[in-house]
Amino acid sequence: MSRLQSMTGFARASRDHDAGGIAWELKSVNGRSLETRFRLPPGFERIEQGARQRLQKRFSRGNVQASLNFTQNGALRRPVVDEEFLKEVAELAGRLHEQFGAAPATADGLLGLRGVLDYADPVADEEVRASLDEAILSTFDEALVSLENARRDEGAALERILLDQVARIQTLTDQVENDSSRSPEAIRQRLSEQVARLMDATTGFDEARLHAEAAILAGKADIREEIDRLRAHIASARALIASGGPIGRKLDFLGQEFNRESNTLCSKSNATTVTAIGLELKAVVDQFREQVQNLE
């Protein structure tokens, strides 16, 4: 089982009860925090608070939509006739027939009128209602377990992707550090050539002062600190992924730090090879940040 959870998942759970059929459907997508929306049949608003508390104990982030479908057991439905109302409409139908020649009323026609025939709600019994509510919440717990498993399965796939991306970031960092353009000899040669071109093209330069300024610029272009910080962030990312749990926000922050260092590395680069590696590093960091958005 993965140590990480994605914020995306889908689950269903159903159960039969004496009062009717219970079916929950849960859908979870990305979200900055935990947001829940319940779609409940009329009359079942009473179970929302208990269901919401159960959901909040399992998840910390994601937009979760929970839908309950309840199919009442027809065998328990007892017809109830409003006899006073039926008598009134029957008398009215009779007068219309006598005075205006309207077609005589039929039994099924009268019973089909709104308000004449209804069905007693078996859930109105307190004992039945308590039993039904318990079954609904228990079924909801089953759906939550299935949703958590679905999010963990997706989290396992994300974990592999993120670790591969962190490994790629380390490989590119190693390439930058070991690039031949960063050797003292290469830097000295590059500065000497630049100074020589300036001296050939211009008169009146103090060669010693020019060498000193070039050395200062070379120091500003050094990327040792960026490399060290990248390595520190790589270690932090791996430690976070290994720890598991809701680490999406922390990894998102690390992704921003990766991005900052790769940008600085590219801006300070004075060699085409380092710039090329830096651009590839930026691409991998962007992919890392995109995947992190899916984590709880």
# chains A, B, ... in the order shown; residues from 1 in each chain; ligands from 1
>>> select_by_dssp(residues="stretch 28-92 of chain A", states="strand (DSSP E or B)", output="tab-separated table (two decimals) with N, CA, C and O atoms, in the first residue's frame")
chain	number	residue	atom	x	y	z
A	28	SER	N	-13.80	12.12	-5.87
A	28	SER	CA	-12.84	13.05	-5.30
A	28	SER	C	-11.93	13.59	-6.40
A	28	SER	O	-11.44	12.83	-7.24
A	29	VAL	N	-11.72	14.91	-6.40
A	29	VAL	CA	-10.80	15.56	-7.35
A	29	VAL	C	-9.91	16.52	-6.58
A	29	VAL	O	-10.07	16.73	-5.38
A	34	LEU	N	-9.87	20.68	1.99
A	34	LEU	CA	-10.91	19.65	1.94
A	34	LEU	C	-12.27	20.33	1.82
A	34	LEU	O	-12.69	21.07	2.71
A	35	GLU	N	-12.94	20.07	0.71
A	35	GLU	CA	-14.28	20.60	0.48
A	35	GLU	C	-15.20	19.43	0.17
A	35	GLU	O	-14.87	18.58	-0.66
A	36	THR	N	-16.35	19.39	0.83
A	36	THR	CA	-17.28	18.27	0.63
A	36	THR	C	-18.66	18.81	0.25
A	36	THR	O	-19.13	19.82	0.78
A	37	ARG	N	-19.28	18.11	-0.68
A	37	ARG	CA	-20.65	18.43	-1.09
A	37	ARG	C	-21.48	17.15	-1.05
A	37	ARG	O	-21.07	16.12	-1.60
A	38	PHE	N	-22.63	17.22	-0.38
A	38	PHE	CA	-23.50	16.06	-0.25
A	38	PHE	C	-24.76	16.28	-1.09
A	38	PHE	O	-25.36	17.36	-1.07
A	39	ARG	N	-25.12	15.24	-1.83
A	39	ARG	CA	-26.39	15.22	-2.55
A	39	ARG	C	-27.24	14.11	-1.93
A	39	ARG	O	-26.96	12.93	-2.11
A	62	GLY	N	-8.83	17.81	-0.97
A	62	GLY	CA	-9.59	17.30	-2.11
A	62	GLY	C	-11.02	17.79	-2.09
A	62	GLY	O	-11.59	18.08	-1.03
A	63	ASN	N	-11.60	17.92	-3.28
A	63	ASN	CA	-13.02	18.23	-3.40
A	63	ASN	C	-13.78	16.91	-3.54
A	63	ASN	O	-13.63	16.22	-4.55
A	64	VAL	N	-14.58	16.59	-2.54
A	64	VAL	CA	-15.28	15.31	-2.51
A	64	VAL	C	-16.77	15.54	-2.66
A	64	VAL	O	-17.36	16.34	-1.92
A	65	GLN	N	-17.38	14.84	-3.61
A	65	GLN	CA	-18.83	14.87	-3.78
A	65	GLN	C	-19.39	13.52	-3.40
A	65	GLN	O	-18.97	12.49	-3.91
A	66	ALA	N	-20.34	13.54	-2.47
A	66	ALA	CA	-20.95	12.30	-1.96
A	66	ALA	C	-22.44	12.31	-2.30
A	66	ALA	O	-23.17	13.23	-1.91
A	67	SER	N	-22.88	11.28	-3.03
A	67	SER	CA	-24.28	11.19	-3.44
A	67	SER	C	-24.91	9.93	-2.84
A	67	SER	O	-24.35	8.84	-2.95
A	68	LEU	N	-26.08	10.11	-2.23
A	68	LEU	CA	-26.82	8.98	-1.66
A	68	LEU	C	-28.08	8.74	-2.48
A	68	LEU	O	-28.84	9.68	-2.78
A	69	ASN	N	-28.30	7.50	-2.83
A	69	ASN	CA	-29.53	7.10	-3.49
A	69	ASN	C	-30.26	6.09	-2.60
A	69	ASN	O	-29.66	5.10	-2.15
A	70	PHE	N	-31.51	6.35	-2.31
A	70	PHE	CA	-32.30	5.44	-1.47
A	70	PHE	C	-33.56	5.04	-2.22
A	70	PHE	O	-34.35	5.88	-2.65
A	71	THR	N	-33.74	3.73	-2.39
A	71	THR	CA	-34.92	3.19	-3.07
A	71	THR	C	-35.80	2.52	-2.03
A	71	THR	O	-35.44	1.47	-1.48
A	72	GLN	N	-36.92	3.13	-1.75
A	72	GLN	CA	-37.79	2.62	-0.68
A	72	GLN	C	-38.38	1.26	-1.05
A	72	GLN	O	-38.73	1.01	-2.20
A	78	ARG	N	-47.68	1.59	2.54
A	78	ARG	CA	-49.11	1.38	2.78
A	78	ARG	C	-49.88	2.57	2.21
A	78	ARG	O	-49.57	3.73	2.52
A	79	PRO	N	-50.89	2.29	1.36
A	79	PRO	CA	-51.68	3.39	0.79
A	79	PRO	C	-52.53	4.08	1.86
A	79	PRO	O	-53.11	3.43	2.73
A	80	VAL	N	-52.57	5.39	1.78
A	80	VAL	CA	-53.37	6.19	2.71
A	80	VAL	C	-54.25	7.11	1.86
A	80	VAL	O	-53.75	7.88	1.04
A	81	VAL	N	-55.57	7.00	2.05
A	81	VAL	CA	-56.53	7.80	1.28
A	81	VAL	C	-57.09	8.91	2.16
A	81	VAL	O	-57.54	8.65	3.30
>>> closest_residue(among="A:Leu254, A:Val116, A:Ala105, A:Ile227", to="A:Gln170", atoms="only C-alpha atoms")
A:Ile227
>>> closest_residue(among="A:Asp108, A:Asp125, A:Glu134, A:Glu84", to="A:Gly50", atoms="only C-alpha atoms")
A:Glu134
>>> residues_around(residues="stretch 85-102 of chain A", least_positions_apart="4", cutoff="10 Å", atoms="only C-alpha atoms", output="list in words")
Val81, Thr106, Ala107, Leu110, Leu111, Leu113, Gly115, Val116 and Leu117 of chain A
>>> residues_around(residues="A:Arg15", least_positions_apart="3", cutoff="12 Å", atoms="only C-alpha atoms", output="VMD selection string")
chain A and resid 12 18 to 24 68 to 71 132 134 to 143
>>> atom_distance(atom1="atom CA of A:Arg32", atom2="atom CA of A:Ala283")
23.9 Å
>>> residues_around(residues="A:Leu230", least_positions_apart="2", cutoff="9 Å", atoms="only C-alpha atoms", output="PyMOL selection string")
chain A and resi 169-170+173+225-228+232-235+257-258+261-262
>>> atom_distance(atom1="atom CA of A:Val292", atom2="atom CA of A:Arg224")
27.2 Å
>>> residues_around(residues="A:Ile223", least_positions_apart="4", cutoff="10 Å", atoms="only C-alpha atoms", output="list in words")
Val176, Glu177, Arg182, Gly219, Ile227, Asp228, Glu261, Thr264, Leu265, Cys266, Ser267, Lys268 and Ser269 of chain A
>>> atom_distance(atom1="atom CA of A:Arg260", atom2="atom CA of A:Ala237")
15.2 Å
>>> closest_residue(among="A:Glu148, A:Glu126, A:Glu45, A:Glu83", to="A:Ala11", atoms="only C-alpha atoms")
A:Glu148
>>> select_by_dssp(residues="stretch 99-163 of chain A", states="alpha helix (DSSP H)", output="count of residues only")
45
>>> residues_around(residues="A:Glu280", least_positions_apart="2", cutoff="12 Å", atoms="only C-alpha atoms", output="ChimeraX atom specification")
/A:165,168-169,171-173,175-176,259,262-263,265-266,273-278,282-287
